[in-house]
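Participant: Would you mind keeping the following structure in view while I ask a few things?
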Amino acid sequence: MEKTVLQSINIKHELEAIKPWINREMERIIPRQITEDWMKLTLGPAAYKYDIQTLQEEFAVPVWDFLDRGGKRWRPALMLWSCGSVQGKIEDALMFTPLPELIHTGTLIADDVEDKSEVRRGKPAIHVLYGLDTAVNNSGALYFLPQVLLYRNMGHLSAEKRLALFEVIGEEMFRASMGQAMDIHWHNHKRYDLTEEHYLQMCAYKTGVLARMSAKIGVILGNGSLEQINVLGKFAESIGVGFQIQDDILNLFPASQEWGKAVGDDITEGKRTILVLRALQLAPAKEKEELIQILKSHTRNEFEIIRAIEIIKKTGAVEYSLKRAEDIVIESWRNVENQLAESVFKQKLKALAEFVVQRKV
């Protein structure tokens with residue numbers, strides 16, 4: 001992207017600085033040690049008797065195993081900076097940062113189950129460590145638990161504002177499921193007639209919605225206008241799409257030892273990434289057919305995966321995809337610039353967009 005952001009903004013440093021605050025808020029919603037008081041807060045008094053020990057071992061331990069593995073926490077940061085960019089008080093929005101992060105965590109646990117992935121953030125996936133049933137149940141729980149902030153009205157919000165937040169979460173979560181449905185069907189049913197536009201729509205729903213949700217929540221909490229909600233939401237969606245494109249690239253061409261997934265997972269799963277679609281469009285007929293056969297086989301053979309990556313690389317798909325991600329974010333940012341007054345939060349939003357499409361891990 002064009003380097004118009006003040007050079008003093010180091011977005012990686014900003015994310016690291018804010019992470020402890022976000023983690024603290026998540027511990028308020030999911031304590032490391034389940035207690036009777038927490039159960040009463042989230043679920044109300046027991047009709048009979050709560051089994052605290054079981055809930056600790058079955059829910060809190062696996063969830064915190066995952067959360068303690070790290071994560072950039074850029075979605076909660078996006079929420080806070082969106083709030084600040086419309087002159088809202090980020091201090092008032094801070095308690096709501098678990099909403100996007102814990103929901104995101106739930107989608108990752110489910111995604112690993114659905115994709116049969118064995119590694120996440122450098123460790124065995126949750127379903128590998130704790131079982132399929134535990135992973136499925138906890139992923140669903142994480143979609144709803146952070147909403148305790150709203151249904152217990154812990155932020156003392158107006159009824160109108162709470163309704164607006166519930167509507168955003170409900171709408172975006174359904175979109176996320178539809179994006180995942182596209183992704184699952186494509187790699188399970190051997191579709192090879194897809195276009196780049198199909199792929200981008202899948203990304204907008206599967207990855208873009210959580211970013212869009214984050215930004216919209218921030219603007220609502222910051223008392224922004226309806227136009228600001230929509231424009232910043234669309235900008236955040238573009239960040240999510242750019243993040244997914246970069247994720248697709250890093251899956252095949254990791255630029256750092258910190259990459260926490262198995263290299264070439266997308267080939268094994270037969271994913272229809274922008275890289276694959278571009279390669280199928282440009283590769284010679286013989287190599288195109290070879291790539292299709294490798295994708296169809298869902299191979300774990302290292303040499304076949306390397307061969308598929310070679311075919312993709314030869315077509316220039318990596319360079320094309322990087323440029324496409326940047327163009328999508330730049331175009332979306334142009335619509336945001338006129339909606340926001342100049343502020344450090346506006347600058348951080350643009351710096352975050354640059355970071356997402358240029359990251360190495």
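By convention here, the chains of the structure tokens are called A, B, ... in the order presented, each chain's residues are numbered starting at 1, and ligands are numbered starting at 1 in the order presented.
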Please provide the set of residues having any atom within 12 Å of A:Tyr199, restricted to only C-alpha atoms, with same-chain residues fewer than 6 positions apart removed, written as an MDAnalysis selection string.
Facilitator: chainID A and resid 179:180 182:183 186 191:193 205:207 241 244:245 248 271:278 321
Participant: Emit the selected residues as a PDB file, in the first residue's frame, including N, CA and C atoms.
Facilitator:
```pdb
ATOM      1  N   GLY A 179     -19.837 -18.899   4.270  1.00  0.00           N
ATOM      2  CA  GLY A 179     -18.504 -18.900   3.668  1.00  0.00           C
ATOM      3  C   GLY A 179     -17.807 -20.234   3.871  1.00  0.00           C
ATOM      4  N   GLN A 180     -17.936 -20.790   5.072  1.00  0.00           N
ATOM      5  CA  GLN A 180     -17.339 -22.091   5.350  1.00  0.00           C
ATOM      6  C   GLN A 180     -18.017 -23.180   4.515  1.00  0.00           C
ATOM      7  N   MET A 182     -19.201 -22.881   1.512  1.00  0.00           N
ATOM      8  CA  MET A 182     -18.602 -22.809   0.173  1.00  0.00           C
ATOM      9  C   MET A 182     -17.252 -23.509   0.146  1.00  0.00           C
ATOM     10  N   ASP A 183     -16.416 -23.182   1.117  1.00  0.00           N
ATOM     11  CA  ASP A 183     -15.068 -23.732   1.173  1.00  0.00           C
ATOM     12  C   ASP A 183     -15.105 -25.261   1.291  1.00  0.00           C
ATOM     13  N   TRP A 186     -16.429 -26.940  -2.031  1.00  0.00           N
ATOM     14  CA  TRP A 186     -15.494 -26.855  -3.154  1.00  0.00           C
ATOM     15  C   TRP A 186     -14.406 -27.911  -3.076  1.00  0.00           C
ATOM     16  N   ARG A 191     -14.913 -29.159  -7.437  1.00  0.00           N
ATOM     17  CA  ARG A 191     -15.322 -28.090  -8.356  1.00  0.00           C
ATOM     18  C   ARG A 191     -14.086 -27.415  -8.937  1.00  0.00           C
ATOM     19  N   TYR A 192     -14.026 -27.335 -10.256  1.00  0.00           N
ATOM     20  CA  TYR A 192     -12.882 -26.687 -10.914  1.00  0.00           C
ATOM     21  C   TYR A 192     -13.340 -25.596 -11.891  1.00  0.00           C
ATOM     22  N   ASP A 193     -14.621 -25.218 -11.812  1.00  0.00           N
ATOM     23  CA  ASP A 193     -15.159 -24.188 -12.695  1.00  0.00           C
ATOM     24  C   ASP A 193     -15.345 -22.867 -11.955  1.00  0.00           C
ATOM     25  N   TYR A 205     -17.028 -13.794   3.241  1.00  0.00           N
ATOM     26  CA  TYR A 205     -17.904 -14.401   4.237  1.00  0.00           C
ATOM     27  C   TYR A 205     -17.124 -15.178   5.293  1.00  0.00           C
ATOM     28  N   LYS A 206     -16.143 -15.968   4.887  1.00  0.00           N
ATOM     29  CA  LYS A 206     -15.458 -16.831   5.838  1.00  0.00           C
ATOM     30  C   LYS A 206     -14.501 -16.063   6.750  1.00  0.00           C
ATOM     31  N   THR A 207     -13.733 -15.144   6.177  1.00  0.00           N
ATOM     32  CA  THR A 207     -12.716 -14.411   6.935  1.00  0.00           C
ATOM     33  C   THR A 207     -13.084 -12.944   7.123  1.00  0.00           C
ATOM     34  N   VAL A 241     -10.308 -10.129   3.817  1.00  0.00           N
ATOM     35  CA  VAL A 241     -10.024 -10.782   2.536  1.00  0.00           C
ATOM     36  C   VAL A 241      -8.518 -10.769   2.267  1.00  0.00           C
ATOM     37  N   GLN A 244      -6.842 -13.341   4.361  1.00  0.00           N
ATOM     38  CA  GLN A 244      -7.016 -14.702   3.866  1.00  0.00           C
ATOM     39  C   GLN A 244      -6.110 -14.989   2.671  1.00  0.00           C
ATOM     40  N   ILE A 245      -5.995 -14.016   1.773  1.00  0.00           N
ATOM     41  CA  ILE A 245      -5.103 -14.199   0.621  1.00  0.00           C
ATOM     42  C   ILE A 245      -3.674 -14.389   1.091  1.00  0.00           C
ATOM     43  N   ASP A 248      -3.262 -17.796   2.519  1.00  0.00           N
ATOM     44  CA  ASP A 248      -3.140 -18.806   1.460  1.00  0.00           C
ATOM     45  C   ASP A 248      -1.709 -18.865   0.930  1.00  0.00           C
ATOM     46  N   LYS A 271      -7.830 -27.224  -1.372  1.00  0.00           N
ATOM     47  CA  LYS A 271      -8.434 -25.894  -1.286  1.00  0.00           C
ATOM     48  C   LYS A 271      -8.410 -25.169  -2.622  1.00  0.00           C
ATOM     49  N   ARG A 272      -9.492 -24.446  -2.897  1.00  0.00           N
ATOM     50  CA  ARG A 272      -9.557 -23.600  -4.092  1.00  0.00           C
ATOM     51  C   ARG A 272      -9.159 -22.180  -3.696  1.00  0.00           C
ATOM     52  N   THR A 273      -7.880 -21.981  -3.477  1.00  0.00           N
ATOM     53  CA  THR A 273      -7.380 -20.665  -3.112  1.00  0.00           C
ATOM     54  C   THR A 273      -7.196 -19.827  -4.369  1.00  0.00           C
ATOM     55  N   ILE A 274      -6.945 -18.546  -4.167  1.00  0.00           N
ATOM     56  CA  ILE A 274      -6.694 -17.679  -5.320  1.00  0.00           C
ATOM     57  C   ILE A 274      -5.451 -18.129  -6.074  1.00  0.00           C
ATOM     58  N   LEU A 275      -4.487 -18.690  -5.361  1.00  0.00           N
ATOM     59  CA  LEU A 275      -3.273 -19.216  -5.994  1.00  0.00           C
ATOM     60  C   LEU A 275      -3.612 -20.373  -6.922  1.00  0.00           C
ATOM     61  N   VAL A 276      -4.428 -21.287  -6.448  1.00  0.00           N
ATOM     62  CA  VAL A 276      -4.815 -22.451  -7.252  1.00  0.00           C
ATOM     63  C   VAL A 276      -5.630 -22.020  -8.463  1.00  0.00           C
ATOM     64  N   LEU A 277      -6.594 -21.129  -8.255  1.00  0.00           N
ATOM     65  CA  LEU A 277      -7.430 -20.687  -9.369  1.00  0.00           C
ATOM     66  C   LEU A 277      -6.596 -19.989 -10.440  1.00  0.00           C
ATOM     67  N   ARG A 278      -5.640 -19.174 -10.007  1.00  0.00           N
ATOM     68  CA  ARG A 278      -4.764 -18.482 -10.958  1.00  0.00           C
ATOM     69  C   ARG A 278      -3.899 -19.491 -11.717  1.00  0.00           C
ATOM     70  N   SER A 321      -1.395 -12.644  -6.548  1.00  0.00           N
ATOM     71  CA  SER A 321      -2.259 -12.667  -5.367  1.00  0.00           C
ATOM     72  C   SER A 321      -1.898 -11.560  -4.384  1.00  0.00           C
TER      73      SER A 321
END
```
Participant: Quick one: residues within 12 Å of stretch 339-346 of chain A, only C-alpha atoms, excluding same-chain residues fewer than 2 positions away - as an MDAnalysis selection string?
Facilitator: chainID A and resid 4:9 11 14 77:90 218:219 224:232 235 332:337 348:353
Participant: Please list as a VMD selection string every residue within 12 Å of A:Leu99, counting only C-alpha atoms and excluding residues in the same chain fewer than 4 positions away.
Facilitator: chain A and resid 22 to 23 25 to 26 28 to 30 73 75 to 77 79 to 80 93 to 95 103 to 106 142 to 150 165 to 166 168 to 169 173 210 to 211 213 to 218
Participant: Atoms to include: C-alpha atoms. Write the selected residues as a compact mmCIF listing (two decimals), in the first residue's frame.
Facilitator:
```
# COMPACT_ATOMS: atom_id res chain seq x y z
CA ILE A 22 -7.28 -7.74 25.59
CA ASN A 23 -6.13 -10.91 27.35
CA GLU A 25 -10.68 -8.81 29.37
CA MET A 26 -10.90 -12.35 28.01
CA ARG A 28 -12.96 -11.76 32.84
CA ILE A 29 -15.27 -13.64 30.48
CA ILE A 30 -13.53 -17.03 30.71
CA ARG A 73 -5.43 -10.12 18.55
CA ARG A 75 -9.56 -8.08 15.41
CA PRO A 76 -10.10 -6.67 18.92
CA ALA A 77 -7.55 -3.97 18.10
CA MET A 79 -12.62 -2.88 17.08
CA LEU A 80 -10.97 -0.44 19.49
CA ALA A 93 -15.12 -0.34 24.38
CA LEU A 94 -12.26 -2.31 25.92
CA MET A 95 -14.49 -4.70 27.89
CA ILE A 103 -15.83 -15.96 18.46
CA HIS A 104 -12.80 -16.08 16.16
CA THR A 105 -11.26 -18.74 18.40
CA GLY A 106 -14.43 -20.81 18.09
CA LEU A 142 -17.29 -19.73 22.15
CA TYR A 143 -19.76 -18.31 19.64
CA PHE A 144 -22.20 -17.54 22.44
CA LEU A 145 -20.30 -17.11 25.71
CA PRO A 146 -18.79 -13.66 24.94
CA GLN A 147 -22.31 -12.41 24.39
CA VAL A 148 -22.73 -12.54 28.18
CA LEU A 149 -21.42 -8.99 27.90
CA LEU A 150 -24.65 -8.11 26.13
CA LEU A 165 -24.82 -5.29 18.51
CA PHE A 166 -26.89 -8.48 18.65
CA VAL A 168 -24.47 -7.38 13.84
CA ILE A 169 -23.24 -10.55 15.55
CA MET A 173 -22.04 -15.26 12.12
CA LEU A 210 -15.15 -11.32 11.73
CA ALA A 211 -13.17 -8.25 10.77
CA MET A 213 -18.08 -7.52 12.86
CA SER A 214 -15.17 -6.08 14.86
CA ALA A 215 -15.23 -2.74 13.08
CA LYS A 216 -19.01 -2.41 13.22
CA ILE A 217 -19.06 -3.17 16.95
CA GLY A 218 -16.40 -0.52 17.48
```
Participant: Hey, which of A:Phe59, A:Trp21, A:Phe253, A:Phe174 ends up closest to A:Ile306? Count only C-alpha atoms.
Facilitator: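 That would be A:Phe253, the residue with the smallest distance to A:Ile306.
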Participant: Where in stretch 23-191 of chain A does DSSP assign strand (DSSP E), given as a list in words?
Facilitator: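 Checking each residue of stretch 23-191 of chain A, the strand (DSSP E) ones are Val119, Arg120, Lys123 and Pro124 of chain A.
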Participant: Which residues are near A:Asn138? Cut-off 12 Å, only C-alpha atoms, ignore same chain within fewer than 3 positions. Put them as a PyMOL selection string.
Facilitator: chain A and resi 55+57-64+66+102-103+105-110+113+126-127+130-135+141-145
Participant: Go ahead and save the residues from that selection, with N, CA and C atoms, as an mmCIF file, in the first residue's frame.
Facilitator:
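Output file result.cif is given in full below:
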```
data_model
loop_
_atom_site.group_PDB
_atom_site.id
_atom_site.type_symbol
_atom_site.label_atom_id
_atom_site.label_comp_id
_atom_site.auth_asym_id
_atom_site.auth_seq_id
_atom_site.Cartn_x
_atom_site.Cartn_y
_atom_site.Cartn_z
ATOM 1 N N LEU A 55 -16.615 -28.943 34.238
ATOM 2 C CA LEU A 55 -16.608 -27.780 33.355
ATOM 3 C C LEU A 55 -15.210 -27.181 33.251
ATOM 4 N N GLU A 57 -12.349 -28.940 33.462
ATOM 5 C CA GLU A 57 -11.514 -29.826 32.648
ATOM 6 C C GLU A 57 -11.989 -29.895 31.206
ATOM 7 N N GLU A 58 -13.287 -29.823 30.994
ATOM 8 C CA GLU A 58 -13.844 -30.022 29.652
ATOM 9 C C GLU A 58 -13.916 -28.738 28.843
ATOM 10 N N PHE A 59 -14.033 -27.603 29.530
ATOM 11 C CA PHE A 59 -14.184 -26.327 28.812
ATOM 12 C C PHE A 59 -12.998 -25.396 29.041
ATOM 13 N N ALA A 60 -12.743 -25.015 30.275
ATOM 14 C CA ALA A 60 -11.724 -23.994 30.541
ATOM 15 C C ALA A 60 -10.333 -24.444 30.124
ATOM 16 N N VAL A 61 -9.958 -25.673 30.443
ATOM 17 C CA VAL A 61 -8.601 -26.140 30.126
ATOM 18 C C VAL A 61 -8.337 -26.169 28.629
ATOM 19 N N PRO A 62 -9.190 -26.792 27.801
ATOM 20 C CA PRO A 62 -8.924 -26.778 26.351
ATOM 21 C C PRO A 62 -8.944 -25.375 25.741
ATOM 22 N N VAL A 63 -9.889 -24.546 26.197
ATOM 23 C CA VAL A 63 -9.992 -23.198 25.628
ATOM 24 C C VAL A 63 -8.744 -22.380 25.947
ATOM 25 N N TRP A 64 -8.285 -22.442 27.188
ATOM 26 C CA TRP A 64 -7.094 -21.671 27.536
ATOM 27 C C TRP A 64 -5.820 -22.279 26.950
ATOM 28 N N PHE A 66 -5.711 -23.273 23.947
ATOM 29 C CA PHE A 66 -5.701 -22.616 22.634
ATOM 30 C C PHE A 66 -5.339 -21.138 22.752
ATOM 31 N N LEU A 102 -12.969 -14.210 20.952
ATOM 32 C CA LEU A 102 -13.426 -15.527 21.373
ATOM 33 C C LEU A 102 -14.281 -16.186 20.297
ATOM 34 N N ILE A 103 -15.078 -15.402 19.593
ATOM 35 C CA ILE A 103 -15.834 -15.955 18.462
ATOM 36 C C ILE A 103 -14.868 -16.449 17.390
ATOM 37 N N THR A 105 -11.850 -17.514 17.888
ATOM 38 C CA THR A 105 -11.257 -18.745 18.401
ATOM 39 C C THR A 105 -12.172 -19.937 18.159
ATOM 40 N N GLY A 106 -13.473 -19.745 18.371
ATOM 41 C CA GLY A 106 -14.430 -20.814 18.095
ATOM 42 C C GLY A 106 -14.413 -21.248 16.645
ATOM 43 N N THR A 107 -14.294 -20.286 15.735
ATOM 44 C CA THR A 107 -14.266 -20.638 14.305
ATOM 45 C C THR A 107 -12.992 -21.406 13.954
ATOM 46 N N LEU A 108 -11.879 -21.080 14.586
ATOM 47 C CA LEU A 108 -10.623 -21.783 14.298
ATOM 48 C C LEU A 108 -10.686 -23.234 14.767
ATOM 49 N N ILE A 109 -11.240 -23.457 15.953
ATOM 50 C CA ILE A 109 -11.364 -24.822 16.454
ATOM 51 C C ILE A 109 -12.262 -25.641 15.527
ATOM 52 N N ALA A 110 -13.373 -25.048 15.105
ATOM 53 C CA ALA A 110 -14.279 -25.741 14.185
ATOM 54 C C ALA A 110 -13.627 -25.969 12.829
ATOM 55 N N VAL A 113 -11.406 -28.951 12.763
ATOM 56 C CA VAL A 113 -12.177 -30.199 12.707
ATOM 57 C C VAL A 113 -12.646 -30.454 11.285
ATOM 58 N N ILE A 126 -6.949 -28.726 18.746
ATOM 59 C CA ILE A 126 -7.715 -29.045 19.946
ATOM 60 C C ILE A 126 -8.404 -30.403 19.827
ATOM 61 N N HIS A 127 -8.944 -30.721 18.652
ATOM 62 C CA HIS A 127 -9.615 -32.017 18.511
ATOM 63 C C HIS A 127 -8.638 -33.181 18.579
ATOM 64 N N TYR A 130 -7.843 -33.205 22.657
ATOM 65 C CA TYR A 130 -8.923 -33.400 23.628
ATOM 66 C C TYR A 130 -10.109 -34.195 23.085
ATOM 67 N N GLY A 131 -10.100 -34.483 21.797
ATOM 68 C CA GLY A 131 -11.190 -35.252 21.224
ATOM 69 C C GLY A 131 -12.106 -34.408 20.359
ATOM 70 N N LEU A 132 -12.702 -35.067 19.385
ATOM 71 C CA LEU A 132 -13.585 -34.391 18.434
ATOM 72 C C LEU A 132 -14.805 -33.798 19.121
ATOM 73 N N ASP A 133 -15.395 -34.547 20.050
ATOM 74 C CA ASP A 133 -16.603 -34.077 20.710
ATOM 75 C C ASP A 133 -16.344 -32.814 21.535
ATOM 76 N N THR A 134 -15.217 -32.784 22.242
ATOM 77 C CA THR A 134 -14.857 -31.609 23.039
ATOM 78 C C THR A 134 -14.620 -30.396 22.150
ATOM 79 N N ALA A 135 -13.917 -30.604 21.046
ATOM 80 C CA ALA A 135 -13.624 -29.493 20.137
ATOM 81 C C ALA A 135 -14.902 -28.911 19.545
ATOM 82 N N ALA A 141 -19.640 -23.204 21.952
ATOM 83 C CA ALA A 141 -19.774 -22.415 23.186
ATOM 84 C C ALA A 141 -19.126 -21.046 23.031
ATOM 85 N N LEU A 142 -18.008 -20.994 22.309
ATOM 86 C CA LEU A 142 -17.290 -19.731 22.149
ATOM 87 C C LEU A 142 -18.009 -18.754 21.218
ATOM 88 N N TYR A 143 -18.951 -19.229 20.437
ATOM 89 C CA TYR A 143 -19.761 -18.311 19.637
ATOM 90 C C TYR A 143 -20.717 -17.517 20.529
ATOM 91 N N PHE A 144 -21.149 -18.132 21.630
ATOM 92 C CA PHE A 144 -22.204 -17.539 22.442
ATOM 93 C C PHE A 144 -21.724 -16.951 23.764
ATOM 94 N N LEU A 145 -20.716 -17.567 24.379
ATOM 95 C CA LEU A 145 -20.300 -17.113 25.705
ATOM 96 C C LEU A 145 -19.931 -15.632 25.750
#
```
Participant: Just list as JSON, numbers by chain whatever in stretch 110-287 of chain A DSSP marks as helix (DSSP H, G or I).
Facilitator: {"A": [110, 111, 112, 113, 114, 115, 126, 127, 128, 129, 130, 132, 133, 134, 135, 136, 137, 138, 139, 140, 141, 142, 143, 144, 145, 146, 147, 148, 149, 150, 151, 159, 160, 161, 162, 163, 164, 165, 166, 167, 168, 169, 170, 171, 172, 173, 174, 175, 176, 177, 178, 179, 180, 181, 182, 183, 184, 185, 186, 187, 188, 196, 197, 198, 199, 200, 201, 202, 203, 204, 205, 206, 208, 209, 210, 211, 212, 213, 214, 215, 216, 217, 218, 219, 220, 221, 226, 227, 228, 229, 230, 231, 232, 233, 234, 235, 236, 237, 238, 239, 240, 241, 242, 243, 244, 245, 246, 247, 248, 249, 250, 251, 252, 265, 266, 267, 268, 269, 274, 275, 276, 277, 278, 279, 280, 281, 282, 285, 286, 287]}
Participant: Have a look at A:Ile311, A:Met39, A:Gln33, A:Gly270 and name the one nearest to A:Glu289; count only C-alpha atoms.
Facilitator: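 Comparing A:Ile311, A:Met39, A:Gln33, A:Gly270 against A:Glu289, the winner is A:Ile311.
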Participant: Using only C-alpha atoms, which residues sit within 12 Å of A:Asn301 once same-chain residues fewer than 4 positions away are excluded, as an MDAnalysis selection string?
Facilitator: chainID A and resid 264:265 267:268 294:295 297 305:308
Participant: With C-alpha atoms retained, export the selected residues as a PDB file, in the first residue's frame.
Facilitator:
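As a result, again-v9.pdb now contains:
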```pdb
ATOM      1  CA  GLY A 264       1.035 -27.323   2.196  1.00  0.00           C
ATOM      2  CA  ASP A 265      -2.103 -28.160   4.198  1.00  0.00           C
ATOM      3  CA  ILE A 267      -2.874 -28.774  -1.127  1.00  0.00           C
ATOM      4  CA  THR A 268      -3.766 -31.817   1.000  1.00  0.00           C
ATOM      5  CA  ILE A 294      -2.935 -33.811  -6.936  1.00  0.00           C
ATOM      6  CA  LEU A 295      -5.728 -31.684  -5.470  1.00  0.00           C
ATOM      7  CA  SER A 297      -6.157 -37.014  -4.256  1.00  0.00           C
ATOM      8  CA  ILE A 305       2.751 -31.385  -2.434  1.00  0.00           C
ATOM      9  CA  ILE A 306       6.090 -29.861  -3.493  1.00  0.00           C
ATOM     10  CA  ARG A 307       5.220 -30.544  -7.138  1.00  0.00           C
ATOM     11  CA  ALA A 308       1.858 -28.779  -6.794  1.00  0.00           C
TER      12      ALA A 308
END
```
Participant: One decimal, Å: what's the distance from atom CA of A:Arg324 over to atom CA of A:Ile292, could you say?
Facilitator: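 It comes out at 23.3 Å.
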Participant: Using only C-alpha atoms, can you tell me which of A:Glu172, A:Glu237, A:Asp115, A:Glu101 comes closest to A:Cys203?
Facilitator: A:Glu237
Participant: So how many Å separate atom CA of A:Lys286 and atom CA of A:Thr195, to one decimal?
Facilitator: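 The value is 20.4 Å.
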Participant: In Å, how far is it from atom CA of A:Val356 to atom CA of A:Gln246?
Facilitator: 7.7 Å
